[in-house]
file upload-v2.cif (mmCIF, C-alpha atoms)
data_my_file
#
loop_
_atom_site.group_PDB
_atom_site.id
_atom_site.type_symbol
_atom_site.label_atom_id
_atom_site.label_comp_id
_atom_site.auth_asym_id
_atom_site.auth_seq_id
_atom_site.Cartn_x
_atom_site.Cartn_y
_atom_site.Cartn_z
ATOM 1 C CA MET M 7 -65.321 109.905 183.197
ATOM 2 C CA ARG M 8 -65.215 113.214 185.041
ATOM 3 C CA ILE M 9 -64.151 116.040 182.726
ATOM 4 C CA MET M 10 -62.933 119.471 183.737
ATOM 5 C CA PHE M 11 -62.482 122.286 181.226
ATOM 6 C CA VAL M 12 -59.543 124.548 182.105
ATOM 7 C CA GLY M 13 -58.914 127.713 180.177
ATOM 8 C CA ASP M 14 -58.801 131.435 179.684
ATOM 9 C CA SER M 15 -61.234 133.832 178.014
ATOM 10 C CA MET M 16 -61.648 131.519 175.021
ATOM 11 C CA THR M 17 -63.007 128.846 177.363
ATOM 12 C CA ILE M 18 -65.035 130.758 179.930
ATOM 13 C CA GLY M 19 -66.810 132.767 177.218
ATOM 14 C CA SER M 20 -68.757 135.964 177.714
ATOM 15 C CA ALA M 21 -72.422 136.773 178.236
ATOM 16 C CA GLY M 22 -74.551 135.431 175.403
ATOM 17 C CA ASP M 23 -71.960 132.913 174.148
ATOM 18 C CA LEU M 24 -72.657 129.243 173.653
ATOM 19 C CA THR M 25 -68.952 128.391 174.318
ATOM 20 C CA TRP M 26 -66.934 125.486 172.959
ATOM 21 C CA ARG M 27 -67.730 123.749 176.232
ATOM 22 C CA TYR M 28 -71.331 123.572 175.067
ATOM 23 C CA ARG M 29 -70.220 122.120 171.735
ATOM 24 C CA MET M 30 -68.199 119.457 173.562
ATOM 25 C CA TRP M 31 -71.159 118.611 175.788
ATOM 26 C CA GLN M 32 -73.285 118.110 172.672
ATOM 27 C CA HIS M 33 -70.575 115.941 171.124
ATOM 28 C CA LEU M 34 -70.202 113.716 174.175
ATOM 29 C CA ASN M 35 -73.948 113.265 174.438
ATOM 30 C CA ALA M 36 -74.001 112.127 170.822
ATOM 31 C CA THR M 37 -70.938 109.867 170.751
ATOM 32 C CA TYR M 38 -69.814 108.777 174.205
ATOM 33 C CA GLY M 39 -71.453 105.580 175.324
ATOM 34 C CA GLY M 40 -70.469 105.607 178.973
ATOM 35 C CA PRO M 41 -71.437 107.755 181.926
ATOM 36 C CA TYR M 42 -69.645 111.050 182.328
ATOM 37 C CA LYS M 43 -69.879 114.234 184.336
ATOM 38 C CA ILE M 44 -68.535 117.727 183.735
ATOM 39 C CA VAL M 45 -66.984 119.094 186.924
ATOM 40 C CA GLY M 46 -65.320 122.278 188.141
ATOM 41 C CA PRO M 47 -65.698 125.018 190.735
ATOM 42 C CA ARG M 48 -67.130 127.699 188.447
ATOM 43 C CA ARG M 49 -70.262 128.109 186.314
ATOM 44 C CA GLU M 50 -70.124 131.765 185.283
ATOM 45 C CA LEU M 51 -69.500 133.571 182.033
ATOM 46 C CA TYR M 52 -67.584 136.831 181.816
ATOM 47 C CA ASP M 53 -69.773 139.939 181.741
ATOM 48 C CA PRO M 54 -68.074 142.734 179.735
ATOM 49 C CA ALA M 55 -70.337 145.380 181.248
ATOM 50 C CA ALA M 56 -69.324 144.431 184.775
ATOM 51 C CA ASP M 57 -65.772 143.463 183.788
ATOM 52 C CA ALA M 58 -66.210 140.396 185.968
ATOM 53 C CA PRO M 59 -67.310 136.744 185.681
ATOM 54 C CA VAL M 60 -70.830 137.280 186.991
ATOM 55 C CA SER M 61 -73.074 136.306 184.065
ATOM 56 C CA TYR M 62 -75.110 133.132 183.658
ATOM 57 C CA ALA M 63 -76.603 134.248 180.336
ATOM 58 C CA TYR M 64 -75.545 131.304 178.186
ATOM 59 C CA GLY M 65 -76.700 131.483 174.599
ATOM 60 C CA ALA M 66 -78.115 127.959 174.582
ATOM 61 C CA PRO M 67 -81.184 127.353 176.771
ATOM 62 C CA ASP M 68 -80.675 123.580 176.526
ATOM 63 C CA PHE M 69 -77.228 123.766 178.202
ATOM 64 C CA PRO M 70 -78.029 122.461 181.690
ATOM 65 C CA GLU M 71 -76.533 124.011 184.795
ATOM 66 C CA ARG M 72 -74.864 120.743 185.737
ATOM 67 C CA ALA M 73 -72.871 120.751 182.480
ATOM 68 C CA ARG M 74 -71.671 124.361 182.784
ATOM 69 C CA ALA M 75 -68.949 123.577 185.337
ATOM 70 C CA HIS M 76 -65.407 124.689 184.513
ATOM 71 C CA LEU M 77 -62.151 126.110 185.792
ATOM 72 C CA ALA M 78 -61.695 129.005 183.380
ATOM 73 C CA GLY M 79 -61.227 132.726 183.739
ATOM 74 C CA TRP M 80 -61.013 135.853 181.631
ATOM 75 C CA GLY M 81 -57.386 136.998 181.766
ATOM 76 C CA GLU M 82 -56.174 133.851 183.546
ATOM 77 C CA GLY M 83 -53.425 131.567 182.282
ATOM 78 C CA TRP M 84 -51.106 128.755 183.353
ATOM 79 C CA LEU M 85 -49.683 131.140 185.953
ATOM 80 C CA HIS M 86 -53.083 131.512 187.581
ATOM 81 C CA MET M 87 -54.444 127.989 187.158
ATOM 82 C CA ALA M 88 -51.440 126.057 188.438
ATOM 83 C CA PRO M 89 -52.162 127.001 192.080
ATOM 84 C CA LEU M 90 -55.887 126.260 191.661
ATOM 85 C CA VAL M 91 -55.995 123.017 189.730
ATOM 86 C CA GLY M 92 -55.134 120.672 192.595
ATOM 87 C CA ASP M 93 -58.044 121.732 194.765
ATOM 88 C CA ALA M 94 -60.370 121.760 191.748
ATOM 89 C CA VAL M 95 -59.372 118.237 190.711
ATOM 90 C CA ARG M 96 -59.714 117.038 194.279
ATOM 91 C CA ALA M 97 -63.121 118.618 194.847
ATOM 92 C CA GLY M 98 -64.560 117.513 191.524
ATOM 93 C CA ARG M 99 -62.757 114.159 191.458
ATOM 94 C CA ALA M 100 -61.744 115.071 187.908
ATOM 95 C CA ASP M 101 -59.941 112.414 185.906
ATOM 96 C CA THR M 102 -59.813 114.131 182.492
ATOM 97 C CA LEU M 103 -58.653 117.711 181.913
ATOM 98 C CA LEU M 104 -59.196 119.603 178.667
ATOM 99 C CA VAL M 105 -56.826 122.563 178.869
ATOM 100 C CA SER M 106 -56.500 125.648 176.652
ATOM 101 C CA LEU M 107 -54.117 128.197 178.180
ATOM 102 C CA GLY M 108 -51.049 130.226 177.371
ATOM 103 C CA LEU M 109 -51.981 133.207 175.226
ATOM 104 C CA ILE M 110 -52.603 135.479 178.186
ATOM 105 C CA ASP M 111 -49.412 134.302 179.906
ATOM 106 C CA LEU M 112 -47.266 135.156 176.904
ATOM 107 C CA GLY M 113 -49.104 138.395 176.280
ATOM 108 C CA PHE M 114 -48.838 139.857 179.768
ATOM 109 C CA TYR M 115 -47.073 137.758 182.395
ATOM 110 C CA THR M 116 -44.350 135.276 181.400
ATOM 111 C CA ASN M 117 -42.054 134.354 178.526
ATOM 112 C CA ALA M 118 -42.154 130.974 176.793
ATOM 113 C CA GLU M 119 -39.731 129.272 179.182
ATOM 114 C CA GLN M 120 -41.461 130.600 182.285
ATOM 115 C CA THR M 121 -44.842 129.605 180.910
ATOM 116 C CA ALA M 122 -43.588 126.075 180.233
ATOM 117 C CA GLU M 123 -42.422 125.865 183.854
ATOM 118 C CA ASN M 124 -45.941 126.768 184.947
ATOM 119 C CA VAL M 125 -47.278 123.954 182.761
ATOM 120 C CA ARG M 126 -45.058 121.557 184.688
ATOM 121 C CA ARG M 127 -46.287 122.971 187.985
ATOM 122 C CA PHE M 128 -49.885 122.618 186.795
ATOM 123 C CA VAL M 129 -49.377 118.951 185.905
ATOM 124 C CA ALA M 130 -47.653 118.242 189.209
ATOM 125 C CA GLU M 131 -50.465 119.872 191.199
ATOM 126 C CA ALA M 132 -53.136 117.992 189.252
ATOM 127 C CA ARG M 133 -51.337 114.693 189.803
ATOM 128 C CA GLU M 134 -50.927 115.350 193.501
ATOM 129 C CA ALA M 135 -54.718 115.524 193.663
ATOM 130 C CA ASN M 136 -55.244 112.530 191.341
ATOM 131 C CA PRO M 137 -52.158 110.490 190.364
ATOM 132 C CA HIS M 138 -54.060 108.986 187.427
ATOM 133 C CA VAL M 139 -55.431 112.191 185.942
ATOM 134 C CA ARG M 140 -55.115 112.495 182.171
ATOM 135 C CA ALA M 141 -55.089 115.693 180.149
ATOM 136 C CA VAL M 142 -55.350 117.065 176.641
ATOM 137 C CA LEU M 143 -53.347 120.267 176.210
ATOM 138 C CA MET M 144 -54.050 122.756 173.425
ATOM 139 C CA PRO M 145 -51.159 124.694 171.874
ATOM 140 C CA VAL M 146 -51.462 128.462 171.808
ATOM 141 C CA ILE M 147 -53.559 129.612 168.877
ATOM 142 C CA ARG M 148 -52.080 132.738 167.335
ATOM 143 C CA ASN M 149 -54.386 135.728 167.469
ATOM 144 C CA VAL M 150 -54.551 139.135 165.828
ATOM 145 C CA ARG M 151 -51.720 140.468 167.975
ATOM 146 C CA ALA M 152 -49.406 137.806 166.574
ATOM 147 C CA LEU M 153 -50.098 139.091 163.072
ATOM 148 C CA ASN M 154 -48.784 142.539 163.960
ATOM 149 C CA ASP M 155 -46.194 141.778 166.646
ATOM 150 C CA PRO M 156 -43.429 139.477 165.344
ATOM 151 C CA PRO M 157 -41.675 139.057 168.724
ATOM 152 C CA PHE M 158 -44.957 137.978 170.308
ATOM 153 C CA ALA M 159 -45.622 135.570 167.435
ATOM 154 C CA ALA M 160 -42.147 134.083 167.903
ATOM 155 C CA GLU M 161 -42.771 133.677 171.636
ATOM 156 C CA CYS M 162 -46.000 131.798 170.884
ATOM 157 C CA GLU M 163 -44.171 129.441 168.545
ATOM 158 C CA ARG M 164 -41.384 128.914 171.067
ATOM 159 C CA PHE M 165 -43.889 128.092 173.792
ATOM 160 C CA ASN M 166 -45.674 125.593 171.553
ATOM 161 C CA GLU M 167 -42.359 123.833 170.948
ATOM 162 C CA LEU M 168 -41.745 123.699 174.685
ATOM 163 C CA LEU M 169 -45.296 122.510 175.323
ATOM 164 C CA GLY M 170 -44.767 119.590 172.959
ATOM 165 C CA LYS M 171 -41.551 118.696 174.766
ATOM 166 C CA THR M 172 -43.259 118.993 178.148
ATOM 167 C CA VAL M 173 -46.041 116.642 177.083
ATOM 168 C CA ALA M 174 -43.467 114.142 175.813
ATOM 169 C CA ASP M 175 -41.392 114.422 178.991
ATOM 170 C CA LEU M 176 -44.209 114.205 181.519
ATOM 171 C CA GLY M 177 -46.686 111.804 179.968
ATOM 172 C CA THR M 178 -46.874 108.385 181.629
ATOM 173 C CA PRO M 179 -49.017 105.300 181.012
ATOM 174 C CA GLY M 180 -50.787 105.900 184.320
ATOM 175 C CA SER M 181 -51.310 109.622 183.743
ATOM 176 C CA PRO M 182 -51.234 110.258 179.995
ATOM 177 C CA LEU M 183 -50.896 113.671 178.415
ATOM 178 C CA LEU M 184 -51.970 114.503 174.876
ATOM 179 C CA LEU M 185 -50.931 117.470 172.781
ATOM 180 C CA ALA M 186 -53.966 118.426 170.727
ATOM 181 C CA SER M 187 -53.503 119.651 167.187
ATOM 182 C CA ARG M 188 -54.194 123.298 166.646
ATOM 183 C CA PRO M 189 -57.714 123.590 165.201
ATOM 184 C CA ASP M 190 -57.629 122.582 161.568
ATOM 185 C CA GLY M 191 -58.001 125.535 159.216
ATOM 186 C CA TRP M 192 -58.336 128.126 161.995
ATOM 187 C CA ASP M 193 -58.869 131.566 160.479
ATOM 188 C CA ILE M 194 -59.101 134.582 162.768
ATOM 189 C CA ASP M 195 -61.436 136.378 160.379
ATOM 190 C CA ARG M 196 -63.808 133.453 160.039
ATOM 191 C CA ASP M 197 -63.486 131.778 163.443
ATOM 192 C CA THR M 198 -63.331 134.712 165.897
ATOM 193 C CA TYR M 199 -65.417 137.795 166.505
ATOM 194 C CA ASP M 200 -62.504 140.031 167.479
ATOM 195 C CA GLY M 201 -59.317 138.351 166.309
ATOM 196 C CA THR M 202 -59.011 136.220 169.457
ATOM 197 C CA HIS M 203 -62.281 134.934 170.907
ATOM 198 C CA PRO M 204 -64.199 132.194 169.080
ATOM 199 C CA ASN M 205 -67.496 132.730 167.340
ATOM 200 C CA ALA M 206 -69.757 129.769 166.531
ATOM 201 C CA SER M 207 -67.369 128.446 163.884
ATOM 202 C CA GLY M 208 -64.410 128.809 166.227
ATOM 203 C CA GLU M 209 -66.269 127.030 169.030
ATOM 204 C CA HIS M 210 -66.764 124.025 166.758
ATOM 205 C CA HIS M 211 -63.090 124.068 165.745
ATOM 206 C CA LEU M 212 -61.943 124.098 169.366
ATOM 207 C CA ALA M 213 -64.307 121.335 170.411
ATOM 208 C CA ALA M 214 -63.252 119.274 167.408
ATOM 209 C CA ALA M 215 -59.564 119.551 168.279
ATOM 210 C CA PHE M 216 -60.160 118.184 171.769
ATOM 211 C CA ALA M 217 -62.741 115.611 170.716
ATOM 212 C CA ASP M 218 -60.604 114.193 167.922
ATOM 213 C CA ALA M 219 -57.537 113.964 170.172
ATOM 214 C CA MET M 220 -59.484 111.950 172.760
ATOM 215 C CA HIS M 221 -61.096 109.768 170.130
ATOM 216 C CA GLN M 222 -57.868 108.977 168.305
ATOM 217 C CA ALA M 223 -55.669 108.399 171.365
ATOM 218 C CA TRP M 224 -58.088 107.050 173.959
ATOM 219 C CA ASP M 225 -61.066 105.847 171.906
ATOM 220 C CA VAL M 226 -63.332 108.274 173.773
ATOM 221 C CA GLY M 227 -66.466 109.175 171.856
ATOM 222 C CA GLY M 228 -66.259 109.509 168.111
ATOM 223 C CA ALA M 229 -64.839 111.824 165.513
ATOM 224 C CA TYR M 230 -66.267 115.287 165.919
ATOM 225 C CA ALA M 231 -69.279 116.327 163.889
ATOM 226 C CA PRO M 232 -71.196 119.529 164.636
ATOM 227 C CA ALA M 233 -74.605 118.872 166.191
ATOM 228 C CA ALA M 234 -77.528 119.584 163.927
#

call {"tool": "encode", "arguments": {"input": "upload-v2.cif", "output": "C-alpha cells"}}
result
Amino acid sequence: MRIMFVGDSMTIGSAGDLTWRYRMWQHLNATYGGPYKIVGPRRELYDPAADAPVSYAYGAPDFPERARAHLAGWGEGWLHMAPLVGDAVRAGRADTLLVSLGLIDLGFYTNAEQTAENVRRFVAEAREANPHVRAVLMPVIRNVRALNDPPFAAECERFNELLGKTVADLGTPGSPLLLASRPDGWDIDRDTYDGTHPNASGEHHLAAAFADAMHQAWDVGGAYAPAA
C-alpha cells in the first residue's frame, strides 16, 4: 500500500504541529499488518512567520522524514490539486489517496457546483496516472465562518451533497471511492485552535474518520484508537 495525503491547511499543518498525518502514521504502525509507504512530493509544514511552506519543525521527534510525505498546501483546494495529482500519483506510485479538501475552494474560489467539477477532474487525473487508484474523500467540515455566514454554510452543505453524489457516480470496483463520515462529535471549540485548524483532539478526529472508513470498507488496519 502506497498512501498519499492530499489536503489544505488542515492537512499540511503549521510549524510545531504534529498533524493528523502523524496520527494516521501511528495508527497504521499499530494496526496494519502489511507493508506500506507514505508518498508525495512535499514534506514541509506551513510557517506563519514566513507565510510560506518552508518549515520542517514537526512537533513529534519520532515522526520520521520518510513518513512526512504529502500533497497538501496552505490555501490550496480541489482547484489547485486537480492539476497536480496525476504527476504526484505517478511519481510516488500512489495507490491510496486520503483527501481532505474543499473549504478553501468554497471560501475563496468556486461555488459548490464548480468545486464538484474539480473533484471529478481530480479523480480523472489520478486515474490517468493509476487506473486502479482508490481514494477516501472527506466532506467539508464546517468552520467558524460557517457559524456566522449562512450563505457560506449553505454552500458547504450543498457541496457535501454533491460530493456524495460524485463518489457514488464515479466509484468503480477497480478504482473504489469512499466518502468518509465527518469526524464524529467535531466541535470547533474543542477540536480546533482557531475555529478551523485542528488541535491535538481534532487531529485524532480526522485520523479516525479516515482510518475507520478504510477499516470498515476495505479491511485496512483496525478501528482507530489514539496511540498512548

call {"tool": "closest_residue", "arguments": {"input": "upload-v2.cif", "among": "M:Leu183, M:Val125, M:Ala56, M:Ala160", "to": "Ala141 (chain M)", "atoms": "only C-alpha atoms"}}
result
M:Leu183

call {"tool": "resolve_selection", "arguments": {"input": "upload-v2.cif", "expression": "the PyMOL selection byres ((chain M and resi 42) around 6)", "output": "PyMOL selection string"}}
result
chain M and resi 7-8+41+43

call {"tool": "closest_residue", "arguments": {"input": "upload-v2.cif", "among": "M:Val150, M:Glu50, M:Ser181, M:Asp101", "to": "Thr202 (chain M)", "atoms": "only C-alpha atoms"}}
result
M:Val150

call {"tool": "residues_near_point", "arguments": {"input": "upload-v2.cif", "point": "(-58.8, 110.7, 184.5)", "cutoff": "12 Å", "atoms": "only C-alpha atoms", "output": "short mmCIF file (atom, residue, chain, number, x, y, z; two decimals) with C-alpha atoms, in the coordinates of the input"}}
result
data_model
loop_
_atom_site.label_atom_id
_atom_site.label_comp_id
_atom_site.auth_asym_id
_atom_site.auth_seq_id
_atom_site.Cartn_x
_atom_site.Cartn_y
_atom_site.Cartn_z
CA MET M 7 -65.32 109.90 183.20
CA ARG M 8 -65.22 113.21 185.04
CA ILE M 9 -64.15 116.04 182.73
CA MET M 10 -62.93 119.47 183.74
CA TYR M 42 -69.64 111.05 182.33
CA LYS M 43 -69.88 114.23 184.34
CA VAL M 45 -66.98 119.09 186.92
CA VAL M 95 -59.37 118.24 190.71
CA ARG M 96 -59.71 117.04 194.28
CA GLY M 98 -64.56 117.51 191.52
CA ARG M 99 -62.76 114.16 191.46
CA ALA M 100 -61.74 115.07 187.91
CA ASP M 101 -59.94 112.41 185.91
CA THR M 102 -59.81 114.13 182.49
CA LEU M 103 -58.65 117.71 181.91
CA LEU M 104 -59.20 119.60 178.67
CA ALA M 132 -53.14 117.99 189.25
CA ARG M 133 -51.34 114.69 189.80
CA ALA M 135 -54.72 115.52 193.66
CA ASN M 136 -55.24 112.53 191.34
CA PRO M 137 -52.16 110.49 190.36
CA HIS M 138 -54.06 108.99 187.43
CA VAL M 139 -55.43 112.19 185.94
CA ARG M 140 -55.12 112.50 182.17
CA ALA M 141 -55.09 115.69 180.15
CA VAL M 142 -55.35 117.06 176.64
CA PRO M 179 -49.02 105.30 181.01
CA GLY M 180 -50.79 105.90 184.32
CA SER M 181 -51.31 109.62 183.74
CA PRO M 182 -51.23 110.26 180.00
CA LEU M 183 -50.90 113.67 178.42
CA MET M 220 -59.48 111.95 172.76
CA TRP M 224 -58.09 107.05 173.96
CA VAL M 226 -63.33 108.27 173.77
#

call {"tool": "closest_residue", "arguments": {"input": "upload-v2.cif", "among": "M:Phe11, M:Tyr62, M:Val129, M:Gly227", "to": "Thr178 (chain M)", "atoms": "all atoms listed in the file"}}
result
M:Val129

call {"tool": "atom_distance", "arguments": {"input": "upload-v2.cif", "atom1": "CA of Ala118 (chain M)", "atom2": "CA of Leu169 (chain M)"}}
result
9.1 Å

call {"tool": "closest_atom_pairs", "arguments": {"input": "upload-v2.cif", "of": "region 21-115 of chain M", "to": "region 161-165 of chain M", "cutoff": "9 Å", "atoms": "all atoms listed in the file", "output": "JSON lines"}}
result
{"residue": "M:Gly108", "atom": "CA", "partner": "M:Phe165", "partner_atom": "CA", "distance": 8.3}
{"residue": "M:Leu109", "atom": "CA", "partner": "M:Cys162", "partner_atom": "CA", "distance": 7.5}
{"residue": "M:Leu112", "atom": "CA", "partner": "M:Cys162", "partner_atom": "CA", "distance": 7.0}

call {"tool": "closest_residue", "arguments": {"input": "upload-v2.cif", "among": "M:Gly13, M:Gly208, M:Gly83, M:Pro67", "to": "Asp195 (chain M)", "atoms": "all atoms listed in the file"}}
result
M:Gly208

call {"tool": "closest_residue", "arguments": {"input": "upload-v2.cif", "among": "M:Ser61, M:Thr172, M:Thr25, M:Thr37", "to": "Asp225 (chain M)", "atoms": "all atoms listed in the file"}}
result
M:Thr37

call {"tool": "closest_residue", "arguments": {"input": "upload-v2.cif", "among": "M:Gly40, M:Gly22, M:Gly46, M:Pro204", "to": "Ile147 (chain M)", "atoms": "all atoms listed in the file"}}
result
M:Pro204

call {"tool": "atom_distance", "arguments": {"input": "upload-v2.cif", "atom1": "CA of Asp14 (chain M)", "atom2": "CA of Pro145 (chain M)"}}
result
12.8 Å

call {"tool": "build_atoms", "arguments": {"input": "upload-v2.cif", "residues": "region 8-18 of chain M", "atoms": "all heavy atoms", "output": "compact mmCIF listing (two decimals), in the coordinates of the input"}}
result
# COMPACT_ATOMS: atom_id res chain seq x y z
N ARG M 8 -64.89 111.94 184.40
CA ARG M 8 -65.22 113.21 185.04
C ARG M 8 -64.31 114.28 184.43
O ARG M 8 -63.11 114.35 184.73
CB ARG M 8 -65.06 113.12 186.55
CG ARG M 8 -65.98 112.07 187.18
CD ARG M 8 -65.76 111.92 188.68
NE ARG M 8 -66.23 113.07 189.42
CZ ARG M 8 -67.48 113.22 189.86
NH1 ARG M 8 -68.40 112.29 189.61
NH2 ARG M 8 -67.83 114.29 190.56
N ILE M 9 -64.88 115.08 183.55
CA ILE M 9 -64.15 116.04 182.73
C ILE M 9 -64.15 117.41 183.38
O ILE M 9 -65.19 117.87 183.86
CB ILE M 9 -64.79 116.14 181.32
CG1 ILE M 9 -64.65 114.82 180.57
CG2 ILE M 9 -64.17 117.28 180.51
CD1 ILE M 9 -65.36 114.82 179.23
N MET M 10 -62.99 118.08 183.32
CA MET M 10 -62.93 119.47 183.74
C MET M 10 -62.30 120.29 182.62
O MET M 10 -61.20 119.99 182.17
CB MET M 10 -62.15 119.65 185.03
CG MET M 10 -62.22 121.08 185.58
SD MET M 10 -61.73 121.21 187.32
CE MET M 10 -60.00 120.81 187.22
N PHE M 11 -63.01 121.33 182.19
CA PHE M 11 -62.48 122.29 181.23
C PHE M 11 -61.65 123.33 181.97
O PHE M 11 -62.12 123.93 182.93
CB PHE M 11 -63.63 123.01 180.51
CG PHE M 11 -64.57 122.10 179.76
CD1 PHE M 11 -65.83 121.81 180.26
CD2 PHE M 11 -64.20 121.53 178.55
CE1 PHE M 11 -66.71 121.00 179.57
CE2 PHE M 11 -65.07 120.71 177.85
CZ PHE M 11 -66.33 120.44 178.36
N VAL M 12 -60.43 123.56 181.49
CA VAL M 12 -59.54 124.55 182.10
C VAL M 12 -59.10 125.51 181.01
O VAL M 12 -58.58 125.07 179.98
CB VAL M 12 -58.31 123.89 182.76
CG1 VAL M 12 -57.49 124.93 183.50
CG2 VAL M 12 -58.72 122.76 183.70
N GLY M 13 -59.29 126.80 181.24
CA GLY M 13 -58.91 127.71 180.18
C GLY M 13 -59.00 129.17 180.55
O GLY M 13 -59.24 129.54 181.70
N ASP M 14 -58.79 129.98 179.53
CA ASP M 14 -58.80 131.44 179.68
C ASP M 14 -60.09 132.00 179.11
O ASP M 14 -61.14 131.35 179.16
CB ASP M 14 -57.55 132.04 179.04
CG ASP M 14 -57.35 131.59 177.59
OD1 ASP M 14 -58.34 131.22 176.92
OD2 ASP M 14 -56.20 131.63 177.11
N SER M 15 -60.02 133.19 178.52
CA SER M 15 -61.23 133.83 178.01
C SER M 15 -61.88 133.07 176.87
O SER M 15 -63.08 133.15 176.66
CB SER M 15 -60.91 135.26 177.57
OG SER M 15 -59.89 135.28 176.60
N MET M 16 -61.09 132.30 176.12
CA MET M 16 -61.65 131.52 175.02
C MET M 16 -62.50 130.36 175.54
O MET M 16 -63.32 129.82 174.80
CB MET M 16 -60.53 130.99 174.12
CG MET M 16 -59.75 132.09 173.42
SD MET M 16 -58.36 131.46 172.47
CE MET M 16 -59.22 130.69 171.10
N THR M 17 -62.28 129.98 176.78
CA THR M 17 -63.01 128.85 177.36
C THR M 17 -64.15 129.29 178.26
O THR M 17 -65.23 128.70 178.22
CB THR M 17 -62.03 127.95 178.15
OG1 THR M 17 -61.06 127.42 177.24
CG2 THR M 17 -62.76 126.80 178.84
N ILE M 18 -63.93 130.31 179.08
CA ILE M 18 -65.04 130.76 179.93
C ILE M 18 -66.15 131.34 179.07
O ILE M 18 -67.33 131.09 179.32
CB ILE M 18 -64.56 131.77 181.00
CG1 ILE M 18 -65.71 132.11 181.95
CG2 ILE M 18 -63.95 133.01 180.40
CD1 ILE M 18 -65.31 133.00 183.12
